[in-house]
Number of protein chains: 2
Amino acid sequence: MAPRVNSAAIRRLNVIRVFHALRENPNASQAELGRLTGLDKATTSAVVTQLLDDGLVERTEGPRARRIGRPETALVIAPSAGLLVGARLEPRTIRIVTTTLAGTVLEHVQIPGSTDIGTAADLLHQGIDRAVAASGEGLTVRGVGVGIPALMDREGRLVLAPNLGWRDTPIRARLEAALGAPVYIDNDTKAAAMAERLFGVCRDVEDFVYLTGHSGVGGGLFLGGRLYRGAQGFAGEVGHVTVVPDGRPCGCGKRGCLETYVSESAILAQAAERGRDLPDLAAVTAAARDGDPVVTALLDEVGERLGVALSHMVNLMNPALAVLGGNLSVAADVFLPALNRALERHALEPLRRDLRLVVSPLGPDAVPMGGIALAMEGFLSAPMPVEELLRR
Amino acid sequence: MAPRVNSAAIRRLNVIRVFHALRENPNASQAELGRLTGLDKATTSAVVTQLLDDGLVERTEGPRARRIGRPETALVIAPSAGLLVGARLEPRTIRIVTTTLAGTVLEHVQIPGSTDIGTAADLLHQGIDRAVAASGEGLTVRGVGVGIPALMDREGRLVLAPNLGWRDTPIRARLEAALGAPVYIDNDTKAAAMAERLFGVCRDVEDFVYLTGHSGVGGGLFLGGRLYRGAQGFAGEVGHVTVVPDGRPCGCGKRGCLETYVSESAILAQAAERGRDLPDLAAVTAAARDGDPVVTALLDEVGERLGVALSHMVNLMNPALAVLGGNLSVAADVFLPALNRALERHALEPLRRDLRLVVSPLGPDAVPMGGIALAMEGFLSAPMPVEELLRR
DNA sequence: TGCATTTCGTTAGACGGTCTATCAAAAAGA
DNA sequence: TCTTTTTGATAGACCGTCTAACGAAATGCA
């Protein structure tokens, strides 16, 4: 049954609007928030009063514009209002970030992971406790968001991670019970796309695709102003788009998947097959920059494969922007020419013409900050998912 | 600036909910509408009263359930409330349908088209006038929706139709001026997808992809409960997804596009190359059913190509359902086995497992009925696009 | 210094929603 | 005929936003 839409829903929506406007514009005044959100100043006043009463917002002695008229009182999202926790959970390392509700980073923690999903979850739990303790006294955790390189369903169950051997684990429920705070879990790349939208390079972009390489290759779709998850929650599996018919075998059981050519391990394996034993992607990129023809040709192929898959996305989804993140950003400048050639060959001209291609500025924190974004969205929308309200 | 959310927006939303509930359940009572929409019966009463006052809804002597308690009064969307017009505009033929606001078909008109876009628009205008006149006396046209096989931007400008030589025509503005009624224009396949959602086989499906073949091959994406148009309005161009590297040349300037293999003209051309001169797709399908090995092999290839493209869509968007419409439905049963084999080879198993594959039940009226869907959406949402209200 | 001007933020009141509670109307069943 | 049951309408509570007016606190200028 569709949720009821009543006055309370309106208020909840307007609170969220004001909150995000203030998050993106710290030290804004009430009048400015009204202009930013399009709300009447009386409404803004009511909303801000509520946020002040709830302790989510504080008045500060921010810098005052020396203007005519009554001076504004600057507002910020209260640092004391609580913590958000974001994490990236991988077999090798677990990376945890804590922030204020505004998204200001407080602590970084990085610990070794585990190839066993149960052990990894326990380690994550311990790491979060440590990070929270280091973030300050008496701060309550308002939400925990985790990105995992796996197929995650809409209820936060880990369904399958072909490369890791993980499957069928109700990890959200498990962590929520252990942590005693709301937990939001999603695929790592979807989380990173959320981070790109809230904190990164896509702040004003309604339609973009995010491509990333870690152990595999992932895709996050931000369509029509919101993260798109698909019917089961599995949307964006660009790593398993076929780019070479009957190509290299993939951990998923198919052949010729994109990630058998452009993931870090795949690139290293292909380099080794061609007589270049290199330790990591940075070394591969360096070799190409030094003019090694074999490695250069290999990265050209990587760009070409990636370009084919991106062309499919462009033709199908017509994004305004494509973001390269994760390990893809390491070698991006080397393979970008080949990628662009592939786009020219495979993407429709009117759709390609206005496409912007950028490298993610978030670096290794993209996924943990995506966890922050998930937790922030969850905290603000609770108890009702506001985005759903006005769909027919 | 984001639109304001106030009481009026809530009412508009609830009116739309009640309207659609009544459209899908003619002769429903007020109490039933309340149950269907989740609204309180007091609210339902207020909304229905407004709809009755506006003349959009009527009380009828519908069939009464012989039950205990006060008998219900049946409601229907008033046939006298106005007309919707839907059309498919193509160079060869123009097909026009008129319906009540509920979507009940009143008139069909089919007239020859024109390869000149200006002439075609004039013919459409005349045809609409004729269809409206035939639909009854004194009915005002509430909206006109048109599907065109071309790239249409979000403002209803025709940008490009590679196969037809049409480009850069402000056809929406032109028709609106000529007709004096609100006009909504979109790509024909997007319109058909809307029809599938409102009147066809996807009534309760939030995430589906629609594939169709006419002169070219088109795709419509219904994602997260709404039609997805992309940044410029060009999303869904599955016909120009590359399925064969360096394959057959396409009217778009690229090579190996899906539609160079599976559009009707492409299939006929390939059959001719292999020594089978056949007049249309029905003849091709008949030959395959009669056991012609050349034609059977050709349709197997068609299924394979289509399956590759659909696999990309499944991996990227994880739809719950894929609908085959237009000419694709003519030969569907013949190439479906090959299509399924391709899905098995190219789509991730967890995403493919729950995918349903169905043939469109709407037939040649899919696009005109899509025009009806566009017009209905436009009429109900006017003056503010309600779906946008609660996006942050 | 004194006063007009400008901008900020609050508040009262109008207005319009939904929701709860109540009630009359109209049928079936006993 | 009376009870039961369901429908649909309505009063009043409650909660939103919006308009309009007002006090507060600065600048600009005589």
# chains A, B, ... in the order shown; residues from 1 in each chain; ligands from 1

call {"tool": "residues_around", "arguments": {"residues": "Met152 in chain B", "least_positions_apart": "5", "cutoff": "8 Å", "atoms": "only C-alpha atoms (C1' of nucleotides)", "output": "count of residues only"}}
result
9

call {"tool": "residues_around", "arguments": {"residues": "Val367 in chain A", "least_positions_apart": "2", "cutoff": "10 Å", "atoms": "only C-alpha atoms (C1' of nucleotides)", "output": "PyMOL selection string"}}
result
chain A and resi 86-89+95-97+145-149+187-196+325-326+362-365+369-373

call {"tool": "atom_distance", "arguments": {"atom1": "CA of Leu221 in chain A", "atom2": "CA of Val209 in chain A"}}
result
4.8 Å

call {"tool": "interface_residues", "arguments": {"of": "chain C", "to": "chain B", "cutoff": "12 Å", "atoms": "only C-alpha atoms (C1' of nucleotides)", "output": "mmCIF file with all heavy atoms, in the first residue's frame"}}
result
data_model
loop_
_atom_site.group_PDB
_atom_site.id
_atom_site.type_symbol
_atom_site.label_atom_id
_atom_site.label_comp_id
_atom_site.auth_asym_id
_atom_site.auth_seq_id
_atom_site.Cartn_x
_atom_site.Cartn_y
_atom_site.Cartn_z
ATOM 1 P P DC C 15 -9.286 33.508 4.132
ATOM 2 O OP1 DC C 15 -9.600 34.338 2.963
ATOM 3 O OP2 DC C 15 -10.331 33.176 5.135
ATOM 4 O "O5'" DC C 15 -8.643 32.160 3.621
ATOM 5 C "C5'" DC C 15 -7.389 32.203 2.934
ATOM 6 C "C4'" DC C 15 -6.853 30.806 2.803
ATOM 7 O "O4'" DC C 15 -6.193 30.411 4.029
ATOM 8 C "C3'" DC C 15 -7.933 29.743 2.546
ATOM 9 O "O3'" DC C 15 -7.737 29.214 1.250
ATOM 10 C "C2'" DC C 15 -7.703 28.701 3.638
ATOM 11 C "C1'" DC C 15 -6.293 29.009 4.097
ATOM 12 N N1 DC C 15 -5.985 28.605 5.486
ATOM 13 C C2 DC C 15 -4.845 27.834 5.737
ATOM 14 O O2 DC C 15 -4.133 27.516 4.792
ATOM 15 N N3 DC C 15 -4.569 27.455 7.008
ATOM 16 C C4 DC C 15 -5.378 27.828 8.002
ATOM 17 N N4 DC C 15 -5.063 27.439 9.231
ATOM 18 C C5 DC C 15 -6.540 28.615 7.771
ATOM 19 C C6 DC C 15 -6.805 28.984 6.509
ATOM 20 P P DG C 16 -8.857 28.245 0.624
ATOM 21 O OP1 DG C 16 -9.065 28.705 -0.762
ATOM 22 O OP2 DG C 16 -9.989 28.091 1.572
ATOM 23 O "O5'" DG C 16 -8.086 26.858 0.571
ATOM 24 C "C5'" DG C 16 -6.696 26.830 0.288
ATOM 25 C "C4'" DG C 16 -6.142 25.521 0.765
ATOM 26 O "O4'" DG C 16 -5.840 25.599 2.184
ATOM 27 C "C3'" DG C 16 -7.127 24.366 0.595
ATOM 28 O "O3'" DG C 16 -6.537 23.383 -0.226
ATOM 29 C "C2'" DG C 16 -7.371 23.866 2.017
ATOM 30 C "C1'" DG C 16 -6.163 24.378 2.783
ATOM 31 N N9 DG C 16 -6.429 24.626 4.183
ATOM 32 C C8 DG C 16 -7.447 25.388 4.704
ATOM 33 N N7 DG C 16 -7.451 25.420 6.005
ATOM 34 C C5 DG C 16 -6.367 24.627 6.363
ATOM 35 C C6 DG C 16 -5.873 24.287 7.647
ATOM 36 O O6 DG C 16 -6.306 24.633 8.751
ATOM 37 N N1 DG C 16 -4.753 23.457 7.550
ATOM 38 C C2 DG C 16 -4.187 23.027 6.382
ATOM 39 N N2 DG C 16 -3.121 22.229 6.487
ATOM 40 N N3 DG C 16 -4.648 23.337 5.186
ATOM 41 C C4 DG C 16 -5.730 24.137 5.253
ATOM 42 P P DG C 17 -7.334 22.161 -0.781
ATOM 43 O OP1 DG C 17 -7.402 22.293 -2.222
ATOM 44 O OP2 DG C 17 -8.578 21.968 0.007
ATOM 45 O "O5'" DG C 17 -6.329 21.007 -0.427
ATOM 46 C "C5'" DG C 17 -6.714 20.027 0.475
ATOM 47 C "C4'" DG C 17 -5.521 19.464 1.183
ATOM 48 O "O4'" DG C 17 -5.067 20.401 2.174
ATOM 49 C "C3'" DG C 17 -5.884 18.191 1.926
ATOM 50 O "O3'" DG C 17 -5.468 17.092 1.146
ATOM 51 C "C2'" DG C 17 -5.109 18.268 3.225
ATOM 52 C "C1'" DG C 17 -4.918 19.768 3.432
ATOM 53 N N9 DG C 17 -5.887 20.372 4.359
ATOM 54 C C8 DG C 17 -6.946 21.180 4.039
ATOM 55 N N7 DG C 17 -7.612 21.597 5.081
ATOM 56 C C5 DG C 17 -6.954 21.018 6.149
ATOM 57 C C6 DG C 17 -7.217 21.108 7.544
ATOM 58 O O6 DG C 17 -8.104 21.735 8.101
ATOM 59 N N1 DG C 17 -6.306 20.350 8.283
ATOM 60 C C2 DG C 17 -5.271 19.614 7.750
ATOM 61 N N2 DG C 17 -4.499 18.961 8.618
ATOM 62 N N3 DG C 17 -5.009 19.536 6.465
ATOM 63 C C4 DG C 17 -5.892 20.255 5.719
ATOM 64 P P DT C 18 -6.340 15.793 1.167
ATOM 65 O OP1 DT C 18 -5.857 14.951 0.067
ATOM 66 O OP2 DT C 18 -7.751 16.139 1.276
ATOM 67 O "O5'" DT C 18 -5.867 15.156 2.555
ATOM 68 C "C5'" DT C 18 -4.489 14.971 2.809
ATOM 69 C "C4'" DT C 18 -4.290 14.522 4.246
ATOM 70 O "O4'" DT C 18 -4.781 15.550 5.139
ATOM 71 C "C3'" DT C 18 -5.022 13.239 4.629
ATOM 72 O "O3'" DT C 18 -4.158 12.425 5.402
ATOM 73 C "C2'" DT C 18 -6.212 13.728 5.416
ATOM 74 C "C1'" DT C 18 -5.660 14.977 6.080
ATOM 75 N N1 DT C 18 -6.695 15.995 6.408
ATOM 76 C C2 DT C 18 -6.891 16.359 7.718
ATOM 77 O O2 DT C 18 -6.265 15.890 8.641
ATOM 78 N N3 DT C 18 -7.870 17.305 7.909
ATOM 79 C C4 DT C 18 -8.651 17.918 6.943
ATOM 80 O O4 DT C 18 -9.492 18.749 7.244
ATOM 81 C C5 DT C 18 -8.392 17.482 5.593
ATOM 82 C C7 DT C 18 -9.173 18.069 4.473
ATOM 83 C C6 DT C 18 -7.443 16.555 5.385
ATOM 84 P P DC C 19 -4.628 10.954 5.800
ATOM 85 O OP1 DC C 19 -3.404 10.139 5.952
ATOM 86 O OP2 DC C 19 -5.699 10.536 4.890
ATOM 87 O "O5'" DC C 19 -5.276 11.167 7.242
ATOM 88 C "C5'" DC C 19 -4.419 11.471 8.339
ATOM 89 C "C4'" DC C 19 -5.242 11.540 9.630
ATOM 90 O "O4'" DC C 19 -6.127 12.677 9.556
ATOM 91 C "C3'" DC C 19 -6.129 10.309 9.878
ATOM 92 O "O3'" DC C 19 -5.906 9.844 11.194
ATOM 93 C "C2'" DC C 19 -7.551 10.835 9.700
ATOM 94 C "C1'" DC C 19 -7.405 12.313 10.019
ATOM 95 N N1 DC C 19 -8.392 13.186 9.322
ATOM 96 C C2 DC C 19 -9.159 14.095 10.053
ATOM 97 O O2 DC C 19 -9.005 14.152 11.278
ATOM 98 N N3 DC C 19 -10.048 14.887 9.406
ATOM 99 C C4 DC C 19 -10.176 14.799 8.090
ATOM 100 N N4 DC C 19 -11.052 15.605 7.492
ATOM 101 C C5 DC C 19 -9.397 13.884 7.317
ATOM 102 C C6 DC C 19 -8.529 13.098 7.970
ATOM 103 P P DT C 20 -6.634 8.531 11.720
ATOM 104 O OP1 DT C 20 -5.601 7.731 12.375
ATOM 105 O OP2 DT C 20 -7.436 7.963 10.618
ATOM 106 O "O5'" DT C 20 -7.650 9.061 12.836
ATOM 107 C "C5'" DT C 20 -7.222 10.027 13.777
ATOM 108 C "C4'" DT C 20 -8.404 10.471 14.635
ATOM 109 O "O4'" DT C 20 -9.215 11.413 13.899
ATOM 110 C "C3'" DT C 20 -9.344 9.341 15.066
ATOM 111 O "O3'" DT C 20 -9.659 9.502 16.437
ATOM 112 C "C2'" DT C 20 -10.562 9.517 14.162
ATOM 113 C "C1'" DT C 20 -10.575 11.024 13.936
ATOM 114 N N1 DT C 20 -11.175 11.464 12.652
ATOM 115 C C2 DT C 20 -12.105 12.474 12.656
ATOM 116 O O2 DT C 20 -12.476 13.035 13.670
ATOM 117 N N3 DT C 20 -12.588 12.810 11.417
ATOM 118 C C4 DT C 20 -12.248 12.254 10.201
ATOM 119 O O4 DT C 20 -12.757 12.647 9.173
ATOM 120 C C5 DT C 20 -11.262 11.196 10.269
ATOM 121 C C7 DT C 20 -10.832 10.519 9.014
ATOM 122 C C6 DT C 20 -10.775 10.858 11.475
ATOM 123 P P DA C 21 -10.543 8.411 17.180
ATOM 124 O OP1 DA C 21 -10.075 8.368 18.588
ATOM 125 O OP2 DA C 21 -10.572 7.177 16.370
ATOM 126 O "O5'" DA C 21 -11.991 9.076 17.163
ATOM 127 C "C5'" DA C 21 -12.113 10.469 17.377
ATOM 128 C "C4'" DA C 21 -13.575 10.877 17.269
ATOM 129 O "O4'" DA C 21 -13.871 11.257 15.907
ATOM 130 C "C3'" DA C 21 -14.575 9.776 17.639
ATOM 131 O "O3'" DA C 21 -15.578 10.330 18.467
ATOM 132 C "C2'" DA C 21 -15.120 9.314 16.278
ATOM 133 C "C1'" DA C 21 -15.034 10.595 15.459
ATOM 134 N N9 DA C 21 -14.871 10.372 14.027
ATOM 135 C C8 DA C 21 -14.114 9.404 13.418
ATOM 136 N N7 DA C 21 -14.162 9.446 12.106
ATOM 137 C C5 DA C 21 -15.007 10.514 11.830
ATOM 138 C C6 DA C 21 -15.462 11.075 10.630
ATOM 139 N N6 DA C 21 -15.111 10.622 9.423
ATOM 140 N N1 DA C 21 -16.296 12.141 10.707
ATOM 141 C C2 DA C 21 -16.639 12.594 11.922
ATOM 142 N N3 DA C 21 -16.280 12.142 13.119
ATOM 143 C C4 DA C 21 -15.450 11.097 13.001
ATOM 144 P P DA C 24 -28.050 10.979 13.547
ATOM 145 O OP1 DA C 24 -28.708 12.040 14.340
ATOM 146 O OP2 DA C 24 -28.024 9.590 14.052
ATOM 147 O "O5'" DA C 24 -28.678 10.977 12.092
ATOM 148 C "C5'" DA C 24 -28.437 12.085 11.227
ATOM 149 C "C4'" DA C 24 -28.428 11.621 9.782
ATOM 150 O "O4'" DA C 24 -27.260 10.785 9.561
ATOM 151 C "C3'" DA C 24 -29.647 10.775 9.388
ATOM 152 O "O3'" DA C 24 -30.071 11.165 8.087
ATOM 153 C "C2'" DA C 24 -29.114 9.352 9.417
ATOM 154 C "C1'" DA C 24 -27.663 9.560 8.976
ATOM 155 N N9 DA C 24 -26.729 8.539 9.440
ATOM 156 C C8 DA C 24 -26.538 8.119 10.727
ATOM 157 N N7 DA C 24 -25.621 7.185 10.843
ATOM 158 C C5 DA C 24 -25.166 6.988 9.542
ATOM 159 C C6 DA C 24 -24.194 6.139 9.002
ATOM 160 N N6 DA C 24 -23.468 5.290 9.726
ATOM 161 N N1 DA C 24 -23.996 6.194 7.666
ATOM 162 C C2 DA C 24 -24.733 7.051 6.941
ATOM 163 N N3 DA C 24 -25.679 7.901 7.344
ATOM 164 C C4 DA C 24 -25.842 7.818 8.669
ATOM 165 P P DA C 25 -31.316 10.445 7.393
ATOM 166 O OP1 DA C 25 -32.003 11.474 6.583
ATOM 167 O OP2 DA C 25 -32.067 9.686 8.431
ATOM 168 O "O5'" DA C 25 -30.634 9.399 6.413
ATOM 169 C "C5'" DA C 25 -29.698 9.871 5.443
ATOM 170 C "C4'" DA C 25 -29.365 8.754 4.476
ATOM 171 O "O4'" DA C 25 -28.410 7.849 5.109
ATOM 172 C "C3'" DA C 25 -30.552 7.886 4.061
ATOM 173 O "O3'" DA C 25 -30.438 7.595 2.684
ATOM 174 C "C2'" DA C 25 -30.421 6.645 4.929
ATOM 175 C "C1'" DA C 25 -28.900 6.530 5.068
ATOM 176 N N9 DA C 25 -28.427 5.883 6.289
ATOM 177 C C8 DA C 25 -28.861 6.099 7.560
ATOM 178 N N7 DA C 25 -28.229 5.382 8.463
ATOM 179 C C5 DA C 25 -27.318 4.643 7.727
ATOM 180 C C6 DA C 25 -26.356 3.688 8.099
ATOM 181 N N6 DA C 25 -26.132 3.304 9.353
ATOM 182 N N1 DA C 25 -25.604 3.149 7.126
ATOM 183 C C2 DA C 25 -25.829 3.537 5.860
ATOM 184 N N3 DA C 25 -26.712 4.430 5.387
ATOM 185 C C4 DA C 25 -27.422 4.946 6.389
ATOM 186 P P DA C 26 -31.692 7.006 1.859
ATOM 187 O OP1 DA C 26 -31.665 7.626 0.516
ATOM 188 O OP2 DA C 26 -32.885 7.084 2.715
ATOM 189 O "O5'" DA C 26 -31.289 5.472 1.719
ATOM 190 C "C5'" DA C 26 -30.072 5.125 1.047
ATOM 191 C "C4'" DA C 26 -29.789 3.657 1.246
ATOM 192 O "O4'" DA C 26 -29.319 3.440 2.602
ATOM 193 C "C3'" DA C 26 -31.021 2.740 1.070
ATOM 194 O "O3'" DA C 26 -30.676 1.662 0.230
ATOM 195 C "C2'" DA C 26 -31.335 2.277 2.474
ATOM 196 C "C1'" DA C 26 -29.929 2.273 3.086
ATOM 197 N N9 DA C 26 -29.879 2.316 4.545
ATOM 198 C C8 DA C 26 -30.667 3.053 5.385
ATOM 199 N N7 DA C 26 -30.385 2.880 6.661
ATOM 200 C C5 DA C 26 -29.337 1.969 6.647
ATOM 201 C C6 DA C 26 -28.594 1.373 7.684
ATOM 202 N N6 DA C 26 -28.791 1.617 8.975
ATOM 203 N N1 DA C 26 -27.613 0.510 7.325
ATOM 204 C C2 DA C 26 -27.413 0.272 6.023
ATOM 205 N N3 DA C 26 -28.065 0.766 4.965
ATOM 206 C C4 DA C 26 -29.010 1.619 5.350
ATOM 207 P P DA C 27 -31.783 0.954 -0.686
ATOM 208 O OP1 DA C 27 -31.289 0.927 -2.075
ATOM 209 O OP2 DA C 27 -33.092 1.566 -0.358
ATOM 210 O "O5'" DA C 27 -31.820 -0.533 -0.088
ATOM 211 C "C5'" DA C 27 -31.063 -1.542 -0.694
ATOM 212 C "C4'" DA C 27 -30.208 -2.268 0.328
ATOM 213 O "O4'" DA C 27 -30.020 -1.432 1.489
ATOM 214 C "C3'" DA C 27 -30.819 -3.545 0.900
ATOM 215 O "O3'" DA C 27 -30.541 -4.640 0.033
ATOM 216 C "C2'" DA C 27 -30.072 -3.705 2.223
ATOM 217 C "C1'" DA C 27 -29.603 -2.274 2.548
ATOM 218 N N9 DA C 27 -30.149 -1.754 3.799
ATOM 219 C C8 DA C 27 -31.141 -0.841 3.959
ATOM 220 N N7 DA C 27 -31.395 -0.551 5.218
ATOM 221 C C5 DA C 27 -30.508 -1.343 5.933
ATOM 222 C C6 DA C 27 -30.266 -1.516 7.319
ATOM 223 N N6 DA C 27 -30.944 -0.851 8.251
ATOM 224 N N1 DA C 27 -29.310 -2.387 7.674
ATOM 225 C C2 DA C 27 -28.633 -3.032 6.733
ATOM 226 N N3 DA C 27 -28.764 -2.968 5.403
ATOM 227 C C4 DA C 27 -29.726 -2.092 5.066
ATOM 228 P P DA C 28 -31.330 -5.982 0.145
ATOM 229 O OP1 DA C 28 -31.088 -6.767 -1.075
ATOM 230 O OP2 DA C 28 -32.706 -5.636 0.564
ATOM 231 O "O5'" DA C 28 -30.619 -6.689 1.381
ATOM 232 C "C5'" DA C 28 -29.265 -7.101 1.251
ATOM 233 C "C4'" DA C 28 -28.824 -7.825 2.511
ATOM 234 O "O4'" DA C 28 -29.007 -6.942 3.645
ATOM 235 C "C3'" DA C 28 -29.622 -9.093 2.810
ATOM 236 O "O3'" DA C 28 -28.740 -10.092 3.298
ATOM 237 C "C2'" DA C 28 -30.629 -8.648 3.860
ATOM 238 C "C1'" DA C 28 -29.866 -7.543 4.596
ATOM 239 N N9 DA C 28 -30.740 -6.483 5.116
ATOM 240 C C8 DA C 28 -31.625 -5.735 4.400
ATOM 241 N N7 DA C 28 -32.268 -4.844 5.117
ATOM 242 C C5 DA C 28 -31.773 -5.027 6.391
ATOM 243 C C6 DA C 28 -32.054 -4.396 7.619
ATOM 244 N N6 DA C 28 -32.942 -3.405 7.756
ATOM 245 N N1 DA C 28 -31.379 -4.825 8.709
ATOM 246 C C2 DA C 28 -30.489 -5.795 8.568
ATOM 247 N N3 DA C 28 -30.135 -6.473 7.467
ATOM 248 C C4 DA C 28 -30.828 -6.031 6.406
ATOM 249 P P DG C 29 -29.249 -11.572 3.452
ATOM 250 O OP1 DG C 29 -28.090 -12.476 3.210
ATOM 251 O OP2 DG C 29 -30.500 -11.726 2.679
ATOM 252 O "O5'" DG C 29 -29.627 -11.629 4.995
ATOM 253 C "C5'" DG C 29 -28.608 -11.340 5.949
ATOM 254 C "C4'" DG C 29 -29.165 -11.473 7.347
ATOM 255 O "O4'" DG C 29 -29.952 -10.289 7.671
ATOM 256 C "C3'" DG C 29 -30.106 -12.671 7.549
ATOM 257 O "O3'" DG C 29 -29.833 -13.245 8.820
ATOM 258 C "C2'" DG C 29 -31.495 -12.035 7.517
ATOM 259 C "C1'" DG C 29 -31.218 -10.677 8.152
ATOM 260 N N9 DG C 29 -32.153 -9.628 7.789
ATOM 261 C C8 DG C 29 -32.678 -9.347 6.544
ATOM 262 N N7 DG C 29 -33.495 -8.333 6.531
ATOM 263 C C5 DG C 29 -33.526 -7.913 7.852
ATOM 264 C C6 DG C 29 -34.239 -6.848 8.448
ATOM 265 O O6 DG C 29 -35.001 -6.042 7.921
ATOM 266 N N1 DG C 29 -33.984 -6.765 9.815
ATOM 267 C C2 DG C 29 -33.150 -7.597 10.505
ATOM 268 N N2 DG C 29 -33.023 -7.362 11.807
ATOM 269 N N3 DG C 29 -32.475 -8.601 9.961
ATOM 270 C C4 DG C 29 -32.711 -8.696 8.633
#

call {"tool": "interface_residues", "arguments": {"of": "chain B", "to": "chain A", "cutoff": "6 Å", "atoms": "only C-alpha atoms", "output": "mmCIF file with N, CA and C atoms, in the first residue's frame"}}
result
data_model
loop_
_atom_site.group_PDB
_atom_site.id
_atom_site.type_symbol
_atom_site.label_atom_id
_atom_site.label_comp_id
_atom_site.auth_asym_id
_atom_site.auth_seq_id
_atom_site.Cartn_x
_atom_site.Cartn_y
_atom_site.Cartn_z
ATOM 1 N N ASP B 207 9.951 -1.793 -12.820
ATOM 2 C CA ASP B 207 11.215 -1.750 -13.554
ATOM 3 C C ASP B 207 11.140 -2.706 -14.739
ATOM 4 N N GLY B 230 16.538 10.109 -19.593
ATOM 5 C CA GLY B 230 17.955 10.451 -19.722
ATOM 6 C C GLY B 230 18.185 11.949 -19.701
ATOM 7 N N ALA B 231 19.458 12.322 -19.743
ATOM 8 C CA ALA B 231 19.812 13.734 -19.568
ATOM 9 C C ALA B 231 19.212 14.607 -20.668
ATOM 10 N N PHE B 234 17.195 11.189 -24.614
ATOM 11 C CA PHE B 234 17.513 10.217 -25.656
ATOM 12 C C PHE B 234 17.735 8.806 -25.117
ATOM 13 N N ALA B 235 17.444 8.557 -23.860
ATOM 14 C CA ALA B 235 17.727 7.237 -23.288
ATOM 15 C C ALA B 235 16.997 6.142 -24.058
ATOM 16 N N GLY B 236 17.553 4.927 -24.022
ATOM 17 C CA GLY B 236 16.875 3.777 -24.603
ATOM 18 C C GLY B 236 17.237 3.479 -26.041
ATOM 19 N N GLU B 237 18.318 4.055 -26.543
ATOM 20 C CA GLU B 237 18.650 3.834 -27.960
ATOM 21 C C GLU B 237 19.337 2.478 -28.165
ATOM 22 N N VAL B 238 18.605 1.443 -27.854
ATOM 23 C CA VAL B 238 19.163 0.101 -27.950
ATOM 24 C C VAL B 238 19.418 -0.301 -29.404
ATOM 25 N N VAL B 241 23.045 0.132 -30.146
ATOM 26 C CA VAL B 241 24.060 -0.587 -29.380
ATOM 27 C C VAL B 241 24.820 -1.494 -30.348
ATOM 28 N N HIS B 312 22.950 -6.900 -22.205
ATOM 29 C CA HIS B 312 23.538 -5.649 -21.724
ATOM 30 C C HIS B 312 22.543 -4.911 -20.839
ATOM 31 N N ASN B 315 22.165 -6.750 -17.454
ATOM 32 C CA ASN B 315 23.307 -6.544 -16.580
ATOM 33 C C ASN B 315 23.370 -5.124 -16.041
ATOM 34 N N LEU B 316 22.986 -4.176 -16.866
ATOM 35 C CA LEU B 316 23.103 -2.784 -16.446
ATOM 36 C C LEU B 316 21.921 -2.320 -15.623
ATOM 37 N N MET B 317 20.712 -2.797 -15.949
ATOM 38 C CA MET B 317 19.544 -2.202 -15.312
ATOM 39 C C MET B 317 18.711 -3.143 -14.472
ATOM 40 N N ASN B 318 19.011 -4.417 -14.523
ATOM 41 C CA ASN B 318 18.314 -5.382 -13.683
ATOM 42 C C ASN B 318 16.801 -5.201 -13.685
ATOM 43 N N PRO B 319 16.174 -5.248 -14.871
ATOM 44 C CA PRO B 319 14.727 -5.108 -14.922
ATOM 45 C C PRO B 319 14.033 -6.370 -14.430
ATOM 46 N N ALA B 320 12.780 -6.213 -14.016
ATOM 47 C CA ALA B 320 11.990 -7.377 -13.609
ATOM 48 C C ALA B 320 11.365 -8.044 -14.823
ATOM 49 N N GLU B 387 5.349 14.323 -10.098
ATOM 50 C CA GLU B 387 6.369 13.344 -9.733
ATOM 51 C C GLU B 387 7.627 14.026 -9.223
ATOM 52 N N LEU B 390 8.542 15.553 -4.797
ATOM 53 C CA LEU B 390 9.196 15.059 -3.592
ATOM 54 C C LEU B 390 10.599 14.563 -3.838
ATOM 55 N N ARG B 391 11.173 14.921 -4.962
ATOM 56 C CA ARG B 391 12.591 14.622 -5.095
ATOM 57 C C ARG B 391 13.336 15.756 -4.457
#

call {"tool": "residues_around", "arguments": {"residues": "Ala283 in chain B", "least_positions_apart": "6", "cutoff": "10 Å", "atoms": "only C-alpha atoms (C1' of nucleotides)", "output": "ChimeraX atom specification"}}
result
/B:268,277,289,331

call {"tool": "write_last_selection", "arguments": {"atoms": "N, CA and C atoms", "output": "mmCIF file, in the first residue's frame"}}
result
data_model
loop_
_atom_site.group_PDB
_atom_site.id
_atom_site.type_symbol
_atom_site.label_atom_id
_atom_site.label_comp_id
_atom_site.auth_asym_id
_atom_site.auth_seq_id
_atom_site.Cartn_x
_atom_site.Cartn_y
_atom_site.Cartn_z
ATOM 1 N N LEU B 268 14.822 -8.415 -43.864
ATOM 2 C CA LEU B 268 14.489 -8.679 -45.264
ATOM 3 C C LEU B 268 15.730 -8.580 -46.140
ATOM 4 N N ASP B 277 13.952 -13.878 -51.331
ATOM 5 C CA ASP B 277 13.262 -12.604 -51.510
ATOM 6 C C ASP B 277 11.873 -12.704 -50.922
ATOM 7 N N ARG B 289 8.749 -21.189 -40.079
ATOM 8 C CA ARG B 289 7.849 -22.196 -39.510
ATOM 9 C C ARG B 289 7.706 -23.378 -40.460
ATOM 10 N N ALA B 331 7.669 -12.295 -34.888
ATOM 11 C CA ALA B 331 8.524 -13.464 -35.043
ATOM 12 C C ALA B 331 9.038 -14.000 -33.704
#
